[in-house]
Each structure stands twice: as structure tokens, then as C-alpha cells.
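Coordinates as given in my_file-v2.txt (compact mmCIF, C-alpha atoms):
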```txt
# COMPACT_ATOMS: atom_id res chain seq x y z
CA MET A 2 80.08 -28.77 33.64
CA ALA A 3 76.61 -29.76 34.81
CA ARG A 4 76.42 -26.52 36.71
CA LEU A 5 77.40 -24.51 33.67
CA PHE A 6 74.73 -26.31 31.68
CA ALA A 7 72.14 -25.58 34.34
CA LEU A 8 73.14 -21.92 34.31
CA CYS A 9 72.81 -21.76 30.54
CA LEU A 10 69.41 -23.38 30.81
CA LEU A 11 68.27 -20.84 33.39
CA LEU A 12 69.58 -17.99 31.27
CA ALA A 13 67.78 -19.37 28.27
CA MET A 14 64.54 -19.41 30.23
CA LEU A 15 64.93 -15.86 31.48
CA PRO A 16 63.71 -13.98 28.41
CA LEU A 17 60.76 -16.39 28.20
CA THR A 18 59.51 -15.56 31.68
CA VAL A 19 59.95 -11.85 31.03
CA SER A 20 57.85 -11.95 27.87
CA ALA A 21 55.14 -13.99 29.59
CA ASP A 22 54.98 -11.30 32.23
CA GLU A 23 54.74 -8.55 29.66
CA ALA A 24 51.82 -10.30 28.03
CA ASN A 25 49.85 -9.92 31.25
CA VAL A 26 50.45 -6.22 31.60
CA GLN A 27 48.84 -4.02 29.00
CA GLY A 28 51.00 -1.30 27.56
CA PHE A 29 50.08 2.25 28.51
CA ASP A 30 51.50 5.60 27.46
CA ASN A 31 51.56 6.95 30.98
CA LEU A 32 50.78 6.12 34.58
CA ALA A 33 47.54 8.08 34.62
CA GLU A 34 46.14 5.94 31.82
CA GLU A 35 47.22 2.78 33.58
CA GLN A 36 45.54 3.97 36.79
CA ARG A 37 42.38 4.76 34.82
CA TYR A 38 42.42 1.25 33.41
CA ARG A 39 42.84 -0.26 36.86
CA ASP A 40 39.99 1.86 38.25
CA LEU A 41 37.71 0.82 35.40
CA ILE A 42 38.35 -2.91 35.64
CA SER A 43 38.00 -2.84 39.41
CA GLU A 44 34.50 -1.38 39.26
CA LEU A 45 33.25 -3.75 36.57
CA ARG A 46 31.81 -7.02 37.76
CA CYS A 47 32.40 -10.39 36.17
CA PRO A 48 29.05 -11.74 34.91
CA LYS A 49 30.18 -15.33 35.33
CA CYS A 50 31.52 -15.25 38.85
CA GLN A 51 28.92 -13.29 40.81
CA ASN A 52 31.12 -11.41 43.20
CA GLN A 53 34.44 -10.63 41.66
CA ASN A 54 35.46 -7.69 39.58
CA ILE A 55 37.02 -8.33 36.21
CA ALA A 56 40.41 -7.26 37.55
CA ASP A 57 40.51 -10.17 40.00
CA SER A 58 38.68 -12.80 37.99
CA ASN A 59 40.40 -15.38 35.86
CA ALA A 60 37.26 -16.32 33.94
CA PRO A 61 37.71 -16.10 30.15
CA ILE A 62 34.84 -13.64 29.93
CA SER A 63 36.67 -11.32 32.34
CA LYS A 64 39.73 -11.41 30.16
CA ASP A 65 37.59 -10.55 27.13
CA MET A 66 36.08 -7.67 29.05
CA ARG A 67 39.48 -6.39 30.18
CA ASP A 68 40.69 -6.54 26.59
CA ALA A 69 37.58 -4.70 25.43
CA VAL A 70 38.15 -1.99 28.05
CA TYR A 71 41.77 -1.65 26.97
CA LEU A 72 40.92 -1.44 23.28
CA MET A 73 38.21 1.14 23.87
CA MET A 74 40.65 3.20 25.94
CA GLN A 75 43.14 3.10 23.08
CA ASP A 76 40.37 4.35 20.79
CA GLY A 77 39.92 7.31 23.12
CA ALA A 78 36.54 6.34 24.58
CA SER A 79 35.43 8.06 27.78
CA ASP A 80 34.86 6.10 31.01
CA ASP A 81 31.10 6.47 30.63
CA ALA A 82 31.19 5.22 27.06
CA ILE A 83 33.25 2.18 28.04
CA VAL A 84 31.02 1.26 30.96
CA SER A 85 27.80 1.78 29.03
CA SER A 86 29.02 -0.29 26.10
CA LEU A 87 29.59 -3.20 28.48
CA VAL A 88 26.26 -2.59 30.22
CA ASP A 89 24.55 -2.72 26.80
CA ARG A 90 25.93 -6.22 26.34
CA PHE A 91 25.89 -7.73 29.81
CA GLY A 92 23.31 -5.66 31.64
CA GLU A 93 23.41 -3.37 34.66
CA PHE A 94 24.69 -6.36 36.65
CA VAL A 95 28.27 -5.67 35.58
CA ARG A 96 28.38 -2.33 37.38
CA TYR A 97 29.52 -2.31 40.96
CA ASN A 98 28.41 1.29 41.01
CA PRO A 99 24.95 1.23 39.43
CA GLU A 100 23.15 4.38 38.36
CA VAL A 101 20.19 5.60 40.38
CA ASP A 102 16.98 4.65 38.61
CA ARG A 103 13.66 3.09 39.49
CA ARG A 104 15.13 -0.38 39.95
CA THR A 105 18.17 0.62 41.97
CA PHE A 106 16.47 3.39 43.95
CA LEU A 107 15.84 1.16 46.96
CA LEU A 108 19.43 -0.04 46.88
CA TRP A 109 20.71 3.51 47.18
CA ALA A 110 18.01 4.73 49.57
CA THR A 111 18.13 1.83 52.05
CA PRO A 112 21.07 3.18 54.11
CA ALA A 113 19.38 6.57 54.43
CA ILE A 114 16.08 4.92 55.33
CA ALA A 115 17.79 2.70 57.93
CA VAL A 116 19.54 5.70 59.49
CA GLY A 117 16.23 7.58 59.49
CA ILE A 118 14.45 4.75 61.30
CA GLY A 119 17.34 4.49 63.75
CA LEU A 120 17.14 8.23 64.51
CA LEU A 121 13.37 7.96 65.05
CA VAL A 122 13.83 5.07 67.48
CA VAL A 123 16.61 6.82 69.41
CA GLY A 124 14.60 10.05 69.44
CA GLY A 125 11.56 8.17 70.72
CA ILE A 126 13.55 6.57 73.52
CA VAL A 127 15.10 9.88 74.56
CA ILE A 128 11.75 11.68 74.62
CA ARG A 129 10.15 8.88 76.57
CA SER A 130 12.87 8.66 79.19
CA ARG A 131 12.81 12.43 79.59
CA ARG A 132 9.06 12.34 80.13
CA ARG A 133 9.48 9.57 82.68
CA GLY A 134 12.25 11.55 84.36
CA GLU A 135 9.87 14.50 84.79
CA GLN A 136 7.24 12.24 86.27
CA GLY A 137 9.77 10.74 88.67
CA ALA A 138 10.78 14.18 89.90
CA SER A 139 7.27 15.26 90.70
CA LEU A 140 6.45 13.11 93.68
CA THR A 141 3.63 14.09 95.93
CA ALA A 142 4.49 15.10 99.47
CA GLU A 143 3.15 11.80 100.71
CA GLU A 144 5.35 9.78 98.34
CA GLN A 145 8.38 11.86 99.24
CA ALA A 146 7.83 11.14 102.92
CA ARG A 147 7.57 7.44 102.20
CA VAL A 148 10.80 7.55 100.23
CA ASN A 149 12.57 9.28 103.06
CA GLN A 150 11.23 6.77 105.50
CA LEU A 151 12.39 3.84 103.38
CA LEU A 152 15.83 5.30 102.87
CA ALA A 153 16.19 6.03 106.54
CA GLY A 154 15.00 2.51 107.43
CA GLU A 155 17.56 1.03 105.11
CA ASP A 156 20.27 3.16 106.70
CA ARG A 157 19.38 1.88 110.08
CA ASN A 158 19.37 -1.72 108.88
CA ASN A 159 22.79 -1.32 107.38
CA ARG A 160 24.20 0.08 110.57
CA SER A 161 22.88 -2.63 112.81
CA MET B 7 -0.81 2.38 70.69
CA LYS B 8 1.85 1.14 73.07
CA ARG B 9 0.78 -2.44 72.53
CA LEU B 10 0.98 -1.97 68.77
CA PHE B 11 4.53 -0.75 69.27
CA LEU B 12 5.42 -3.99 71.02
CA PHE B 13 4.40 -5.92 67.91
CA LEU B 14 6.76 -3.93 65.72
CA PRO B 15 9.70 -6.39 66.00
CA VAL B 16 7.38 -9.29 65.15
CA ILE B 17 6.08 -7.48 62.09
CA LEU B 18 9.64 -6.61 61.05
CA VAL B 19 10.75 -10.22 61.39
CA ILE B 20 7.76 -11.46 59.38
CA VAL B 21 8.42 -8.96 56.56
CA LEU B 22 12.10 -9.88 56.51
CA GLY B 23 11.17 -13.56 56.50
CA VAL B 24 8.83 -13.14 53.53
CA VAL B 25 11.43 -11.17 51.56
CA LEU B 26 14.18 -13.68 52.26
CA PHE B 27 11.90 -16.65 51.61
CA ALA B 28 11.03 -15.25 48.20
CA GLY B 29 14.74 -15.31 47.41
CA ILE B 30 15.15 -19.00 48.19
CA GLY B 31 15.49 -21.13 45.09
CA LYS B 32 16.21 -18.15 42.85
CA ASP B 33 19.30 -18.89 40.83
CA PRO B 34 21.74 -16.03 41.35
CA ASN B 35 23.57 -17.13 38.21
CA HIS B 36 20.56 -16.27 36.11
CA LEU B 37 20.96 -12.91 34.42
CA ASP B 38 18.48 -11.37 32.06
CA SER B 39 20.01 -10.54 28.76
CA ALA B 40 20.55 -6.84 28.15
CA LEU B 41 19.47 -7.45 24.55
CA ILE B 42 15.85 -8.52 25.10
CA GLY B 43 13.72 -6.60 22.62
CA LYS B 44 16.76 -5.51 20.63
CA PRO B 45 18.04 -6.87 17.33
CA VAL B 46 20.85 -9.41 17.25
CA PRO B 47 24.08 -7.36 17.11
CA ALA B 48 25.47 -6.87 13.62
CA PHE B 49 28.06 -9.45 12.63
CA ASN B 50 29.84 -10.76 9.61
CA LEU B 51 31.24 -14.21 10.21
CA SER B 52 31.78 -17.28 8.10
CA ASP B 53 29.63 -20.38 7.91
CA LEU B 54 31.15 -23.22 9.93
CA ALA B 55 30.58 -25.72 7.14
CA ASP B 56 31.73 -23.40 4.36
CA ALA B 57 34.52 -20.95 5.12
CA GLU B 58 33.83 -19.06 1.88
CA ARG B 59 30.27 -18.23 2.80
CA GLN B 60 29.74 -15.10 4.90
CA LEU B 61 26.79 -14.90 7.27
CA ASP B 62 25.11 -11.84 8.75
CA GLY B 63 21.90 -10.91 10.57
CA GLU B 64 19.85 -12.00 7.56
CA VAL B 65 20.06 -15.64 8.70
CA PHE B 66 17.48 -14.87 11.38
CA ARG B 67 14.96 -13.27 9.03
CA GLY B 68 11.70 -14.91 8.07
CA GLU B 69 11.37 -17.54 10.77
CA VAL B 70 11.47 -17.78 14.54
CA SER B 71 14.72 -19.50 15.49
CA LEU B 72 16.71 -20.59 18.47
CA LEU B 73 20.29 -19.37 18.58
CA ASN B 74 22.39 -21.92 20.42
CA VAL B 75 25.88 -20.98 21.61
CA TRP B 76 28.17 -24.00 21.82
CA GLY B 77 31.73 -25.21 21.57
CA THR B 78 33.46 -28.56 21.58
CA TRP B 79 35.32 -27.48 24.74
CA CYS B 80 32.05 -27.23 26.64
CA PRO B 81 30.91 -30.44 28.37
CA ALA B 82 27.39 -29.15 29.05
CA CYS B 83 27.00 -28.60 25.30
CA ARG B 84 27.51 -32.33 24.86
CA ASP B 85 24.75 -32.91 27.42
CA GLU B 86 22.18 -30.89 25.56
CA HIS B 87 23.16 -32.05 22.09
CA ASP B 88 20.68 -34.93 21.93
CA ASP B 89 17.89 -32.65 23.07
CA LEU B 90 18.77 -30.17 20.35
CA LEU B 91 18.63 -32.98 17.79
CA TRP B 92 15.23 -33.94 19.15
CA LEU B 93 14.01 -30.33 18.87
CA ALA B 94 15.27 -29.97 15.33
CA GLU B 95 14.06 -33.31 14.03
CA ASP B 96 10.87 -34.06 15.96
CA LYS B 97 9.66 -30.57 16.77
CA GLY B 98 10.78 -28.89 13.57
CA VAL B 99 12.47 -26.02 15.42
CA ARG B 100 14.93 -23.98 13.41
CA ILE B 101 18.14 -23.87 15.42
CA ILE B 102 21.03 -21.65 14.43
CA GLY B 103 24.34 -22.60 15.95
CA LEU B 104 26.96 -20.17 17.17
CA ASN B 105 30.22 -22.05 17.40
CA TYR B 106 31.93 -20.01 20.09
CA LYS B 107 35.71 -19.80 20.62
CA ASP B 108 36.33 -23.11 18.98
CA ASN B 109 38.20 -24.34 15.96
CA ARG B 110 36.61 -25.37 12.73
CA GLU B 111 38.05 -28.89 12.42
CA ASP B 112 37.05 -29.95 15.93
CA ALA B 113 33.59 -28.48 15.51
CA LEU B 114 32.99 -30.24 12.20
CA VAL B 115 34.16 -33.58 13.60
CA TRP B 116 31.80 -33.10 16.54
CA LEU B 117 28.81 -32.46 14.27
CA GLU B 118 29.75 -35.38 12.03
CA ARG B 119 29.97 -37.74 14.99
CA LEU B 120 26.99 -36.59 17.05
CA GLY B 121 24.65 -35.31 14.37
CA ASP B 122 23.92 -31.76 13.26
CA PRO B 123 20.80 -30.11 14.69
CA TYR B 124 21.67 -26.72 13.21
CA ALA B 125 20.06 -25.18 10.14
CA VAL B 126 23.29 -23.22 9.85
CA THR B 127 26.21 -22.65 12.19
CA ILE B 128 27.96 -19.32 12.56
CA TYR B 129 31.69 -19.75 13.12
CA ASP B 130 32.94 -17.32 15.77
CA PRO B 131 36.45 -18.44 16.73
CA ARG B 132 37.37 -15.22 18.55
CA GLY B 133 34.04 -14.87 20.30
CA THR B 134 33.23 -11.44 18.86
CA LEU B 135 29.51 -12.06 18.27
CA GLY B 136 29.40 -13.96 21.56
CA PHE B 137 30.83 -10.90 23.32
CA ASP B 138 28.33 -8.56 21.65
CA LEU B 139 25.51 -10.88 22.71
CA GLY B 140 26.76 -10.82 26.29
CA VAL B 141 27.46 -14.55 26.34
CA TYR B 142 29.06 -15.35 29.69
CA GLY B 143 28.93 -19.11 29.69
CA ALA B 144 28.14 -21.69 27.06
CA PRO B 145 25.71 -23.21 26.45
CA GLU B 146 23.28 -20.36 26.02
CA THR B 147 20.16 -20.42 23.93
CA TYR B 148 18.31 -17.37 22.61
CA VAL B 149 14.85 -17.13 21.14
CA ILE B 150 15.05 -14.87 18.07
CA ASP B 151 11.86 -13.79 16.33
CA ALA B 152 11.34 -13.63 12.56
CA GLU B 153 12.52 -10.00 12.48
CA GLY B 154 15.81 -10.91 14.14
CA ILE B 155 14.85 -9.45 17.54
CA VAL B 156 16.17 -11.19 20.67
CA ARG B 157 13.17 -12.29 22.75
CA HIS B 158 14.60 -14.52 25.44
CA ARG B 159 17.82 -15.94 26.73
CA HIS B 160 18.29 -19.23 28.48
CA VAL B 161 21.65 -19.84 30.16
CA GLY B 162 22.51 -23.48 30.69
CA VAL B 163 21.49 -26.75 29.20
CA VAL B 164 18.32 -27.03 27.12
CA ASN B 165 16.32 -30.16 27.86
CA GLU B 166 12.72 -31.25 27.50
CA LYS B 167 11.67 -29.41 30.66
CA VAL B 168 13.30 -26.14 29.64
CA TRP B 169 11.75 -26.45 26.18
CA LYS B 170 8.25 -27.11 27.53
CA GLU B 171 8.35 -24.46 30.23
CA ASP B 172 10.46 -21.65 28.82
CA LEU B 173 11.12 -21.89 25.14
CA GLU B 174 8.09 -23.51 23.53
CA PRO B 175 5.54 -20.92 24.75
CA LEU B 176 7.71 -18.11 23.39
CA VAL B 177 8.45 -19.82 20.09
CA THR B 178 4.74 -20.51 19.60
CA ARG B 179 3.82 -16.95 20.52
CA TYR B 180 6.25 -15.33 18.12
CA ARG B 181 5.40 -17.78 15.37
CA GLU B 182 1.76 -16.81 15.67
CA GLY B 183 2.65 -13.15 15.86
CA ALA B 184 4.52 -13.34 12.57
```
Mind turning this structure into C-alpha cells?
Amino acid sequence: MARLFALCLLLAMLPLTVSADEANVQGFDNLAEEQRYRDLISELRCPKCQNQNIADSNAPISKDMRDAVYLMMQDGASDDAIVSSLVDRFGEFVRYNPEVDRRTFLLWATPAIAVGIGLLVVGGIVIRSRRRGEQGASLTAEEQARVNQLLAGEDRNNRS
Amino acid sequence: MKRLFLFLPVILVIVLGVVLFAGIGKDPNHLDSALIGKPVPAFNLSDLADAERQLDGEVFRGEVSLLNVWGTWCPACRDEHDDLLWLAEDKGVRIIGLNYKDNREDALVWLERLGDPYAVTIYDPRGTLGFDLGVYGAPETYVIDAEGIVRHRHVGVVNEKVWKEDLEPLVTRYREGA
């Protein structure tokens, strides 16, 4: 009897859990729209939590932003319009993918600059070692004789 | 030339050190409002004290005001409440409240119990105006000039230090400008 009661209780709870789950997932007409929504909320940054996107964040403001994105999508807004409407409110900070302008120029250019410096350094080292290699090859006759003598001397030492 | 090259790592380290040192003590939670220099977003919400009365952007016209975002659910708002009372009563600052994601009864009890520093309080239970303002954490305090233009945003508690250093100079400047 107790078991039957427990079963009834579990069954009674079942629809509740299902509806709670549905409340978390926004309704979309098709998979493409749902994917678009996921892409959008994953590239928007939560202003409250510094380094989380609004898809991962549980902050109330992130929920508000997700809802806003969803509602704007239902109204047929383009991705750019949705992102810029949030940027107008919360600032460029909320974009994980900021536009190139005067303020973000350095952010975008730094990798290229770093690679450029790296190439210069590597190039410099290569040129230098090549130059040194040439110098090493051009020994005077006197130096060459001394080298031979040293090598021969070492040979003899090793043998003895 | 060669010797200069040897100093390159030292110079690099010094530059990096200066850049990183400049970042120390900067609060990464501080974000400039996207609305600086722009009017307060349009809204149409009821007065907290009088549900029948509708408020809009006109409440900011004619006088420099502070717009203070608060809620009874926000402990830091309790912290700054006495300082807001001090500003309103002793300094004669016009403070407009934005009761954010709260309910009317709780908010009214709070003001009854602790005192009401607000010239008027906008009731925003669903946080729509808060969202348009880019509010990301109460309390927040905005300096709004007499034309209803947002001039400054302070995130966090307002106290005497914040008033003296951040808000008072701006309020004085825009008062004189008007």
C-alpha cells in the first residue's frame, strides 16, 4: 500500500518536473532558429559576471538579456540589430566579438604585431648565424693549419 | 648597436611592468554606462506611492537630479540609505528613486520605516527601465542633468566619499551649466 502511494506520488510529480524543464527551454519554430539563439547568447557577455557569456550565467541580468534576445528574435530582428540594441544599453563590454574601431584596434592587431616581431627576431637570428657561418668557413691558411694540428694532437691523445 | 640590442629585454620588461602596474587597483567591475551623454530612455511607469499616477521622462526636467536604483531585496541599498537621506536633507540634492524588480508593498514599508530620501520614486517591478538603462547590479546611481541627459553612472554604494569625489563635482557643474 505504501509502495502504491509512493508510486502515485511520483507520478503526480512527473508532469511538474516536465513543465519546469519546458520553462527553461524557449520555444522555437525550427532547429535553425534555436541554433541561432544559442550562437547569439554564447557570444554575448554577462555585464555582472565579468567572464561568462549569458548562456552560462545564472545572474538575473543574464536571464533578462536572454529573454530580450528571444523576444527580439520573435519580432524578426537581425543578429546585428539584436547585438547592437544590447550594446546600446550595456556598452561594447557585452560583446565577446567586438567591432574593430579605434579603441579595440590594438586588441585585434596585437596578435599580428606579436607574430611580426617574432618573425623579425627569427629572421635576425637566421641572418646572423648565416653570416657567422660564412666567417667560420673562411679561415686563413695559418688558422687551418692550427686546426689540423689540434685535431691531430687530440687524435693522438685519445689513442694513447 | 649590439649593446642596445642587449637592453631590449630590459626595456620590454619595464614597459610591461608599467602597463600592468597601471592596471593594479582598477576595479574590473566598473563599466562606463553606454548612455552617457544620451537622454534617459523613454518610459511610462507608475509612481511608487500612487499607482494611479504615471511618470515619464518629464520627472527629470528642470533640475539636476540623482537617479538611484534600489530594491528591498538589495542589502547594499540598505547600506547607502542613510547617506541618501543625508544627501536629500542636508545637501538638498534631488534624488529620484527607481524601485527595481521589487513589489510595491515591501518598498512602501521600507520607505516608511527607514525614511524617504526620494523626491519621487518610479515603480519598475519588471525591470524594464532598469534594463534600458543597462542596470546590471543595484544599487546604481546616475547623475541626470536638467535636460534629462545621463551624465554619469556610479555602480555600488553611495557614501560621503563617493559624493565628495564623484558626484558632487558633476552635480555642481551641471547645476551651474543650467
Handout entry: Contact set, chain B to chain A: 8 Å, all atoms listed in the file, as a PyMOL selection string
Key = chain B and resi 34-35+37-41+137-143
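Atom CA of B:Lys167 to atom CA of B:Gly98 spans 17.1 Å [interatomic distance, one decimal].
Between atom CA of B:Pro123 and atom CA of B:Ser52 the interatomic distance comes to 18.1 Å.
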Practice task
Between atom CA of B:Gly154 and atom CA of B:Arg67, measure the distance and give it in Å to one decimal.
Solution key: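 For atom CA of B:Gly154 relative to atom CA of B:Arg67, the distance reads 5.7 Å.
The nearest approach to A:Lys64 among the residues B:Gly133, B:Val126, B:Ile30, B:Trp92, with only C-alpha atoms taken into account, belongs to B:Gly133.
Among the candidates A:Met74, A:Val122, A:Leu108, A:Ile55, the one nearest to A:Arg37 when counting only C-alpha atoms is A:Met74.
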Go ahead and find all residues with at least one atom no further than 12 Å from (32.4, -14.7, 13.8) in the file's coordinates, using all atoms listed in the file; report them as a CSV table (one decimal) with C-alpha atoms, in the coordinates of the input.
```
chain,number,residue,atom,x,y,z
B,47,PRO,CA,24.1,-7.4,17.1
B,48,ALA,CA,25.5,-6.9,13.6
B,49,PHE,CA,28.1,-9.4,12.6
B,50,ASN,CA,29.8,-10.8,9.6
B,51,LEU,CA,31.2,-14.2,10.2
B,52,SER,CA,31.8,-17.3,8.1
B,53,ASP,CA,29.6,-20.4,7.9
B,54,LEU,CA,31.2,-23.2,9.9
B,57,ALA,CA,34.5,-21.0,5.1
B,59,ARG,CA,30.3,-18.2,2.8
B,60,GLN,CA,29.7,-15.1,4.9
B,61,LEU,CA,26.8,-14.9,7.3
B,62,ASP,CA,25.1,-11.8,8.8
B,63,GLY,CA,21.9,-10.9,10.6
B,75,VAL,CA,25.9,-21.0,21.6
B,103,GLY,CA,24.3,-22.6,16.0
B,104,LEU,CA,27.0,-20.2,17.2
B,105,ASN,CA,30.2,-22.0,17.4
B,106,TYR,CA,31.9,-20.0,20.1
B,107,LYS,CA,35.7,-19.8,20.6
B,108,ASP,CA,36.3,-23.1,19.0
B,109,ASN,CA,38.2,-24.3,16.0
B,110,ARG,CA,36.6,-25.4,12.7
B,127,THR,CA,26.2,-22.6,12.2
B,128,ILE,CA,28.0,-19.3,12.6
B,129,TYR,CA,31.7,-19.8,13.1
B,130,ASP,CA,32.9,-17.3,15.8
B,131,PRO,CA,36.4,-18.4,16.7
B,132,ARG,CA,37.4,-15.2,18.6
B,133,GLY,CA,34.0,-14.9,20.3
B,134,THR,CA,33.2,-11.4,18.9
B,135,LEU,CA,29.5,-12.1,18.3
B,136,GLY,CA,29.4,-14.0,21.6
B,137,PHE,CA,30.8,-10.9,23.3
B,138,ASP,CA,28.3,-8.6,21.6
B,139,LEU,CA,25.5,-10.9,22.7
```
Handout entry: From A:Ala146, A:Ala110, A:Ala115, A:Val70, residue lying nearest A:Ser43 [only C-alpha atoms]
Key =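 For A:Ser43, the nearest of the candidates is A:Val70.
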Exercise for the section: Name the closest residue to B:Trp169 among the candidates B:Glu69, B:Glu153, B:Glu86, B:Asp56; distances are taken between atoms, counting only C-alpha atoms. Expected result: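 Looking only at the distances to B:Trp169, the closest residue turns out to be B:Glu86.
By only C-alpha atoms, and with residues fewer than 6 positions from A:Trp109 along its chain excluded, the set lying at most 12 Å from it is Asn98, Pro99, Glu100, Val101, Asp102, Arg103 and Ala115 of chain A.
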Exercise for the section: Find the residues near A:Glu34: any atom within 12 Å, counting only C-alpha atoms, skip ones fewer than 3 places away on the same chain, and give them as a PyMOL selection string. Expected result: chain A and resi 27-31+37-41+70-71+74-75+77+79-80
Write the selection just made, keeping C-alpha atoms, as a PDB file, keeping the file's coordinate frame?
```
ATOM      1  CA  GLN A  27      48.840  -4.020  29.000  1.00  0.00           C
ATOM      2  CA  GLY A  28      51.000  -1.300  27.560  1.00  0.00           C
ATOM      3  CA  PHE A  29      50.080   2.250  28.510  1.00  0.00           C
ATOM      4  CA  ASP A  30      51.500   5.600  27.460  1.00  0.00           C
ATOM      5  CA  ASN A  31      51.560   6.950  30.980  1.00  0.00           C
ATOM      6  CA  ARG A  37      42.380   4.760  34.820  1.00  0.00           C
ATOM      7  CA  TYR A  38      42.420   1.250  33.410  1.00  0.00           C
ATOM      8  CA  ARG A  39      42.840  -0.260  36.860  1.00  0.00           C
ATOM      9  CA  ASP A  40      39.990   1.860  38.250  1.00  0.00           C
ATOM     10  CA  LEU A  41      37.710   0.820  35.400  1.00  0.00           C
ATOM     11  CA  VAL A  70      38.150  -1.990  28.050  1.00  0.00           C
ATOM     12  CA  TYR A  71      41.770  -1.650  26.970  1.00  0.00           C
ATOM     13  CA  MET A  74      40.650   3.200  25.940  1.00  0.00           C
ATOM     14  CA  GLN A  75      43.140   3.100  23.080  1.00  0.00           C
ATOM     15  CA  GLY A  77      39.920   7.310  23.120  1.00  0.00           C
ATOM     16  CA  SER A  79      35.430   8.060  27.780  1.00  0.00           C
ATOM     17  CA  ASP A  80      34.860   6.100  31.010  1.00  0.00           C
TER      18      ASP A  80
END
```
Contacts of B:Cys83 at 12 Å or less, counting only C-alpha atoms, minus same-chain residues fewer than 3 places along, as an mmCIF file with C-alpha atoms, in the frame of the given file?
```
data_model
loop_
_atom_site.group_PDB
_atom_site.id
_atom_site.type_symbol
_atom_site.label_atom_id
_atom_site.label_comp_id
_atom_site.auth_asym_id
_atom_site.auth_seq_id
_atom_site.Cartn_x
_atom_site.Cartn_y
_atom_site.Cartn_z
ATOM 1 C CA ASN B 74 22.390 -21.920 20.420
ATOM 2 C CA VAL B 75 25.880 -20.980 21.610
ATOM 3 C CA TRP B 76 28.170 -24.000 21.820
ATOM 4 C CA GLY B 77 31.730 -25.210 21.570
ATOM 5 C CA THR B 78 33.460 -28.560 21.580
ATOM 6 C CA TRP B 79 35.320 -27.480 24.740
ATOM 7 C CA CYS B 80 32.050 -27.230 26.640
ATOM 8 C CA GLU B 86 22.180 -30.890 25.560
ATOM 9 C CA HIS B 87 23.160 -32.050 22.090
ATOM 10 C CA ASP B 88 20.680 -34.930 21.930
ATOM 11 C CA ASP B 89 17.890 -32.650 23.070
ATOM 12 C CA LEU B 90 18.770 -30.170 20.350
ATOM 13 C CA GLY B 103 24.340 -22.600 15.950
ATOM 14 C CA LEU B 104 26.960 -20.170 17.170
ATOM 15 C CA ASN B 105 30.220 -22.050 17.400
ATOM 16 C CA TYR B 106 31.930 -20.010 20.090
ATOM 17 C CA ALA B 113 33.590 -28.480 15.510
ATOM 18 C CA TRP B 116 31.800 -33.100 16.540
ATOM 19 C CA LEU B 117 28.810 -32.460 14.270
ATOM 20 C CA LEU B 120 26.990 -36.590 17.050
ATOM 21 C CA GLY B 143 28.930 -19.110 29.690
ATOM 22 C CA ALA B 144 28.140 -21.690 27.060
ATOM 23 C CA PRO B 145 25.710 -23.210 26.450
ATOM 24 C CA GLU B 146 23.280 -20.360 26.020
ATOM 25 C CA THR B 147 20.160 -20.420 23.930
ATOM 26 C CA VAL B 161 21.650 -19.840 30.160
ATOM 27 C CA GLY B 162 22.510 -23.480 30.690
ATOM 28 C CA VAL B 163 21.490 -26.750 29.200
ATOM 29 C CA VAL B 164 18.320 -27.030 27.120
ATOM 30 C CA ASN B 165 16.320 -30.160 27.860
#
```
